[in-house]
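Here is the structure we will look at, set down as structure tokens.
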Amino acid sequence: MMVGMYCRDHHAARQRAEAGGGLCEECSALLDYARARLARCPYEEDKPTCATCSTHCYKPAMREQVRAVMRYAGPRMLREHPVLAVAHLRDGRRKTPSR
Ligand code: SF4
Ligand SMILES: [Zn+2]
């Protein structure tokens with residue numbers, strides 16, 4: 001959802017040109033990457049948010065991209081999707097579990 005908000009507000013022209021209103025190619029690749037990391041996350045249901053995780057498994061370039069998305073979409077989530085935003089803030093208070 002946050003990648004969708006970021007792409008909508010930054011890459012509208014790309015969305016129209018590349019994806020007929022879906023995510024642009026760059027944001028689509030970022031989302032695929034995040035999903036692949038999530039599928040391999042060792043913490044399962046005890047998972048913190050990736051931003052607060054002490055392991056942080058993203059490669060640096062992807063980490064920077066996802067940070068930009070979070071910086072932009074985080075505050076807007078409170079307005080557009082407050083229930084999800086509060087759930088995400090709660091998850092962010094969880095410490096990275098020891099393995
Ligand atoms: S950054 Fe941490 S919480 Fe996020 S997927 Fe990687 S290991 Fe799991
Ligand atoms: Zn985009």
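Residues in the structure tokens are numbered from 1 in each chain, the chains being A, B, ... in the order shown, and ligands are numbered from 1 in the order shown.
Residues in contact with ligand 1 (atom pairs separated by at most 8 Å; only C-alpha atoms and all ligand atoms) are Ala34, Arg37, Leu38, Ala39, Arg40, Cys41, Pro42, Tyr43, Glu44, Lys47, Pro48, Thr49, Cys50, Ala51, Thr52, Cys53, Ser54, Thr55, His56, Cys57, Tyr58 and Thr96 of chain A.
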For N, CA, C and O atoms, I'd like the residues from the last selection saved as a CSV table (one decimal), in the first residue's frame.
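This went into result29.csv:
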```
chain,number,residue,atom,x,y,z
A,34,ALA,N,10.9,-6.7,-1.8
A,34,ALA,CA,10.4,-6.6,-0.4
A,34,ALA,C,9.7,-7.9,-0.1
A,34,ALA,O,9.8,-8.5,1.0
A,37,ARG,N,12.1,-10.8,0.4
A,37,ARG,CA,12.8,-10.7,1.7
A,37,ARG,C,11.9,-11.2,2.8
A,37,ARG,O,12.3,-11.9,3.7
A,38,LEU,N,10.6,-10.7,2.7
A,38,LEU,CA,9.6,-11.1,3.7
A,38,LEU,C,9.4,-12.6,3.7
A,38,LEU,O,9.3,-13.3,4.8
A,39,ALA,N,9.4,-13.2,2.5
A,39,ALA,CA,9.2,-14.7,2.4
A,39,ALA,C,10.4,-15.4,3.1
A,39,ALA,O,10.2,-16.6,3.6
A,40,ARG,N,11.6,-14.8,3.2
A,40,ARG,CA,12.7,-15.5,3.8
A,40,ARG,C,13.0,-14.9,5.2
A,40,ARG,O,14.1,-15.3,5.7
A,41,CYS,N,12.2,-14.1,5.7
A,41,CYS,CA,12.4,-13.5,7.0
A,41,CYS,C,12.5,-14.5,8.1
A,41,CYS,O,11.5,-15.4,8.2
A,42,PRO,N,13.5,-14.6,8.9
A,42,PRO,CA,13.6,-15.6,9.9
A,42,PRO,C,12.7,-15.4,11.1
A,42,PRO,O,12.6,-16.3,12.0
A,43,TYR,N,12.0,-14.3,11.2
A,43,TYR,CA,11.3,-13.9,12.5
A,43,TYR,C,9.8,-14.3,12.5
A,43,TYR,O,9.2,-14.2,13.6
A,44,GLU,N,9.3,-14.6,11.4
A,44,GLU,CA,7.9,-15.1,11.2
A,44,GLU,C,6.9,-14.1,12.0
A,44,GLU,O,7.0,-12.9,11.9
A,47,LYS,N,8.1,-11.0,13.9
A,47,LYS,CA,8.8,-10.0,13.1
A,47,LYS,C,8.6,-8.6,13.6
A,47,LYS,O,7.4,-8.2,13.8
A,48,PRO,N,9.7,-7.8,13.7
A,48,PRO,CA,9.5,-6.4,13.9
A,48,PRO,C,9.2,-5.7,12.6
A,48,PRO,O,9.0,-6.4,11.6
A,49,THR,N,9.0,-4.4,12.5
A,49,THR,CA,9.0,-3.8,11.2
A,49,THR,C,10.4,-3.8,10.6
A,49,THR,O,11.4,-3.8,11.4
A,50,CYS,N,10.5,-3.9,9.3
A,50,CYS,CA,11.9,-3.9,8.7
A,50,CYS,C,12.7,-2.7,9.1
A,50,CYS,O,13.9,-2.8,9.3
A,51,ALA,N,12.0,-1.5,9.2
A,51,ALA,CA,12.7,-0.3,9.6
A,51,ALA,C,13.4,-0.4,11.0
A,51,ALA,O,14.4,0.2,11.3
A,52,THR,N,12.8,-1.2,11.9
A,52,THR,CA,13.3,-1.3,13.2
A,52,THR,C,14.1,-2.6,13.5
A,52,THR,O,14.5,-2.9,14.6
A,53,CYS,N,14.3,-3.4,12.4
A,53,CYS,CA,14.9,-4.7,12.5
A,53,CYS,C,16.4,-4.5,12.7
A,53,CYS,O,17.0,-3.7,11.9
A,54,SER,N,17.1,-5.2,13.6
A,54,SER,CA,18.5,-5.0,13.8
A,54,SER,C,19.3,-5.9,12.8
A,54,SER,O,20.5,-5.7,12.6
A,55,THR,N,18.6,-6.9,12.2
A,55,THR,CA,19.3,-7.7,11.1
A,55,THR,C,19.4,-6.9,9.8
A,55,THR,O,20.4,-7.0,9.1
A,56,HIS,N,18.4,-6.3,9.5
A,56,HIS,CA,18.1,-5.7,8.2
A,56,HIS,C,18.8,-6.4,7.0
A,56,HIS,O,20.0,-6.2,6.8
A,57,CYS,N,18.0,-7.1,6.3
A,57,CYS,CA,18.5,-8.0,5.3
A,57,CYS,C,18.5,-7.4,3.9
A,57,CYS,O,18.9,-8.1,2.9
A,58,TYR,N,18.0,-6.2,3.7
A,58,TYR,CA,17.9,-5.5,2.4
A,58,TYR,C,19.3,-5.1,1.9
A,58,TYR,O,20.1,-4.7,2.7
A,96,THR,N,13.7,-6.8,17.7
A,96,THR,CA,14.1,-7.9,16.9
A,96,THR,C,14.3,-9.1,17.8
A,96,THR,O,15.1,-9.1,18.7
```
Checklist entry - When the cut-off is 7 Å and you count only C-alpha atoms and all ligand atoms, which residues lie near ligand 2, shown as a PyMOL selection string? => result chain A and resi 6-8+10-11+14-15+23-27
Would you save the residues from that selection as a compact mmCIF listing (two decimals), in the first residue's frame, using C-alpha atoms?
```txt
# COMPACT_ATOMS: atom_id res chain seq x y z
CA TYR A 6 4.58 6.65 -3.31
CA CYS A 7 4.33 5.54 -6.94
CA ARG A 8 0.96 7.22 -7.44
CA HIS A 10 5.81 10.42 -7.80
CA HIS A 11 5.53 8.32 -10.93
CA ARG A 14 5.47 6.28 -15.65
CA GLN A 15 2.45 4.42 -14.35
CA LEU A 23 2.97 0.34 -10.26
CA CYS A 24 5.79 1.60 -12.48
CA GLU A 25 8.60 -0.85 -13.23
CA GLU A 26 10.94 0.53 -10.55
CA CYS A 27 8.32 0.39 -7.79
```
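Pairwise distance (CA of Gly22 in chain A, CA of Gly4 in chain A) equals 8.3 Å.
Minimum atom-to-atom distances from A:Asp46, A:Met70, A:Glu80, A:Ala61 to Ser98 in chain A were compared using only C-alpha atoms, and the lowest value belongs to A:Asp46.
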Item to check | Selection near Pro75 in chain A, 12 Å with only C-alpha atoms, sequence-local residues under 4 positions removed, as a list in words | outcome: Met2, Met5, Tyr6, Val69, Met70, Arg71, Arg79, Glu80, His81, Pro82, Leu84, Ala85, Val86, His88 and Leu89 of chain A
Using N, CA and C atoms, can you write the selected residues to a file as an mmCIF file, in the first residue's frame?
```cif
data_model
loop_
_atom_site.group_PDB
_atom_site.id
_atom_site.type_symbol
_atom_site.label_atom_id
_atom_site.label_comp_id
_atom_site.auth_asym_id
_atom_site.auth_seq_id
_atom_site.Cartn_x
_atom_site.Cartn_y
_atom_site.Cartn_z
ATOM 1 N N MET A 2 1.941 1.234 0.803
ATOM 2 C CA MET A 2 2.811 2.416 0.872
ATOM 3 C C MET A 2 3.579 2.611 -0.436
ATOM 4 N N MET A 5 1.174 4.242 -2.785
ATOM 5 C CA MET A 5 0.990 5.673 -2.548
ATOM 6 C C MET A 5 2.175 6.466 -3.101
ATOM 7 N N TYR A 6 3.375 5.952 -2.854
ATOM 8 C CA TYR A 6 4.577 6.646 -3.313
ATOM 9 C C TYR A 6 4.580 6.713 -4.832
ATOM 10 N N VAL A 69 10.386 5.566 0.326
ATOM 11 C CA VAL A 69 8.946 5.262 0.289
ATOM 12 C C VAL A 69 8.336 5.476 1.675
ATOM 13 N N MET A 70 9.004 4.964 2.704
ATOM 14 C CA MET A 70 8.464 5.065 4.074
ATOM 15 C C MET A 70 8.412 6.517 4.549
ATOM 16 N N ARG A 71 9.474 7.261 4.236
ATOM 17 C CA ARG A 71 9.490 8.680 4.644
ATOM 18 C C ARG A 71 8.298 9.422 4.040
ATOM 19 N N ARG A 79 -3.435 9.518 7.614
ATOM 20 C CA ARG A 79 -4.630 10.166 7.054
ATOM 21 C C ARG A 79 -5.456 9.202 6.212
ATOM 22 N N GLU A 80 -4.778 8.428 5.355
ATOM 23 C CA GLU A 80 -5.514 7.623 4.373
ATOM 24 C C GLU A 80 -5.914 6.248 4.911
ATOM 25 N N HIS A 81 -5.091 5.657 5.782
ATOM 26 C CA HIS A 81 -5.380 4.312 6.294
ATOM 27 C C HIS A 81 -4.997 4.241 7.774
ATOM 28 N N PRO A 82 -5.734 4.963 8.633
ATOM 29 C CA PRO A 82 -5.299 5.088 10.031
ATOM 30 C C PRO A 82 -5.212 3.762 10.788
ATOM 31 N N LEU A 84 -4.428 0.728 9.651
ATOM 32 C CA LEU A 84 -3.184 0.059 9.263
ATOM 33 C C LEU A 84 -1.974 0.797 9.799
ATOM 34 N N ALA A 85 -2.047 2.127 9.798
ATOM 35 C CA ALA A 85 -0.916 2.923 10.276
ATOM 36 C C ALA A 85 -0.653 2.641 11.746
ATOM 37 N N VAL A 86 -1.706 2.569 12.538
ATOM 38 C CA VAL A 86 -1.537 2.315 13.976
ATOM 39 C C VAL A 86 -0.991 0.900 14.194
ATOM 40 N N HIS A 88 0.931 -0.717 12.197
ATOM 41 C CA HIS A 88 2.343 -0.696 11.807
ATOM 42 C C HIS A 88 3.187 -0.044 12.904
ATOM 43 N N LEU A 89 2.666 1.025 13.504
ATOM 44 C CA LEU A 89 3.400 1.671 14.601
ATOM 45 C C LEU A 89 3.556 0.709 15.774
#
```
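Between CA of Val3 in chain A and CA of Tyr72 in chain A the separation is 9.6 Å.
The space between CA of Ala17 in chain A and CA of Tyr33 in chain A spans 22.1 Å.
Closest approach to Leu31 in chain A among A:Met1, A:Gly92, A:Arg16, A:Lys59: A:Met1, based on only C-alpha atoms.
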Checklist entry - Among range 18-52 of chain A, which residues carry a DSSP assignment of helix (DSSP H, G or I), reported as number ranges by chain? => result A: 18-19, 25-39, 44-46, 50-52
Write a file of the just-selected residues containing N, CA and C atoms, as a compact mmCIF listing (two decimals), in the first residue's frame.
```
# COMPACT_ATOMS: atom_id res chain seq x y z
N GLU A 18 3.89 2.81 -18.52
CA GLU A 18 4.44 1.45 -18.39
C GLU A 18 3.42 0.42 -17.96
N ALA A 19 2.47 0.84 -17.17
CA ALA A 19 1.70 -0.19 -16.48
C ALA A 19 0.19 0.04 -16.52
N GLU A 25 7.67 0.30 -13.28
CA GLU A 25 8.60 -0.85 -13.23
C GLU A 25 9.52 -0.79 -12.01
N GLU A 26 10.01 0.40 -11.69
CA GLU A 26 10.94 0.53 -10.55
C GLU A 26 10.25 0.16 -9.24
N CYS A 27 9.04 0.68 -9.03
CA CYS A 27 8.32 0.39 -7.79
C CYS A 27 7.86 -1.06 -7.76
N SER A 28 7.52 -1.60 -8.92
CA SER A 28 7.12 -3.00 -8.99
C SER A 28 8.30 -3.90 -8.59
N ALA A 29 9.51 -3.53 -9.06
CA ALA A 29 10.70 -4.32 -8.71
C ALA A 29 10.98 -4.21 -7.21
N LEU A 30 10.78 -3.00 -6.65
CA LEU A 30 11.00 -2.81 -5.21
C LEU A 30 10.02 -3.68 -4.40
N LEU A 31 8.77 -3.68 -4.83
CA LEU A 31 7.77 -4.47 -4.10
C LEU A 31 8.08 -5.97 -4.20
N ASP A 32 8.47 -6.42 -5.39
CA ASP A 32 8.85 -7.84 -5.55
C ASP A 32 10.01 -8.19 -4.62
N TYR A 33 10.98 -7.28 -4.55
CA TYR A 33 12.15 -7.51 -3.71
C TYR A 33 11.73 -7.60 -2.24
N ALA A 34 10.89 -6.65 -1.80
CA ALA A 34 10.44 -6.64 -0.40
C ALA A 34 9.67 -7.93 -0.08
N ARG A 35 8.85 -8.37 -1.01
CA ARG A 35 8.08 -9.61 -0.79
C ARG A 35 9.01 -10.82 -0.69
N ALA A 36 10.06 -10.83 -1.51
CA ALA A 36 11.01 -11.95 -1.48
C ALA A 36 11.76 -11.95 -0.15
N ARG A 37 12.13 -10.77 0.36
CA ARG A 37 12.82 -10.71 1.67
C ARG A 37 11.88 -11.19 2.77
N LEU A 38 10.63 -10.73 2.67
CA LEU A 38 9.63 -11.12 3.68
C LEU A 38 9.44 -12.64 3.69
N ALA A 39 9.41 -13.25 2.52
CA ALA A 39 9.21 -14.70 2.44
C ALA A 39 10.37 -15.45 3.11
N GLU A 44 9.29 -14.62 11.35
CA GLU A 44 7.90 -15.06 11.25
C GLU A 44 6.94 -14.15 12.02
N GLU A 45 6.11 -14.75 12.92
CA GLU A 45 5.07 -13.91 13.53
C GLU A 45 5.63 -12.92 14.57
N ASP A 46 6.90 -13.13 15.00
CA ASP A 46 7.52 -12.19 15.93
C ASP A 46 8.26 -11.07 15.22
N CYS A 50 10.53 -3.86 9.30
CA CYS A 50 11.86 -3.92 8.69
C CYS A 50 12.67 -2.69 9.10
N ALA A 51 12.02 -1.54 9.25
CA ALA A 51 12.73 -0.31 9.60
C ALA A 51 13.36 -0.41 10.98
N THR A 52 12.78 -1.19 11.88
CA THR A 52 13.31 -1.29 13.24
C THR A 52 14.09 -2.59 13.46
```
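Of the residues listed (A:Lys95, A:Gly20, A:Asp9, A:Arg90), A:Asp9 shows the shortest atom-to-atom separation from Ala73 in chain A; distances use only C-alpha atoms.
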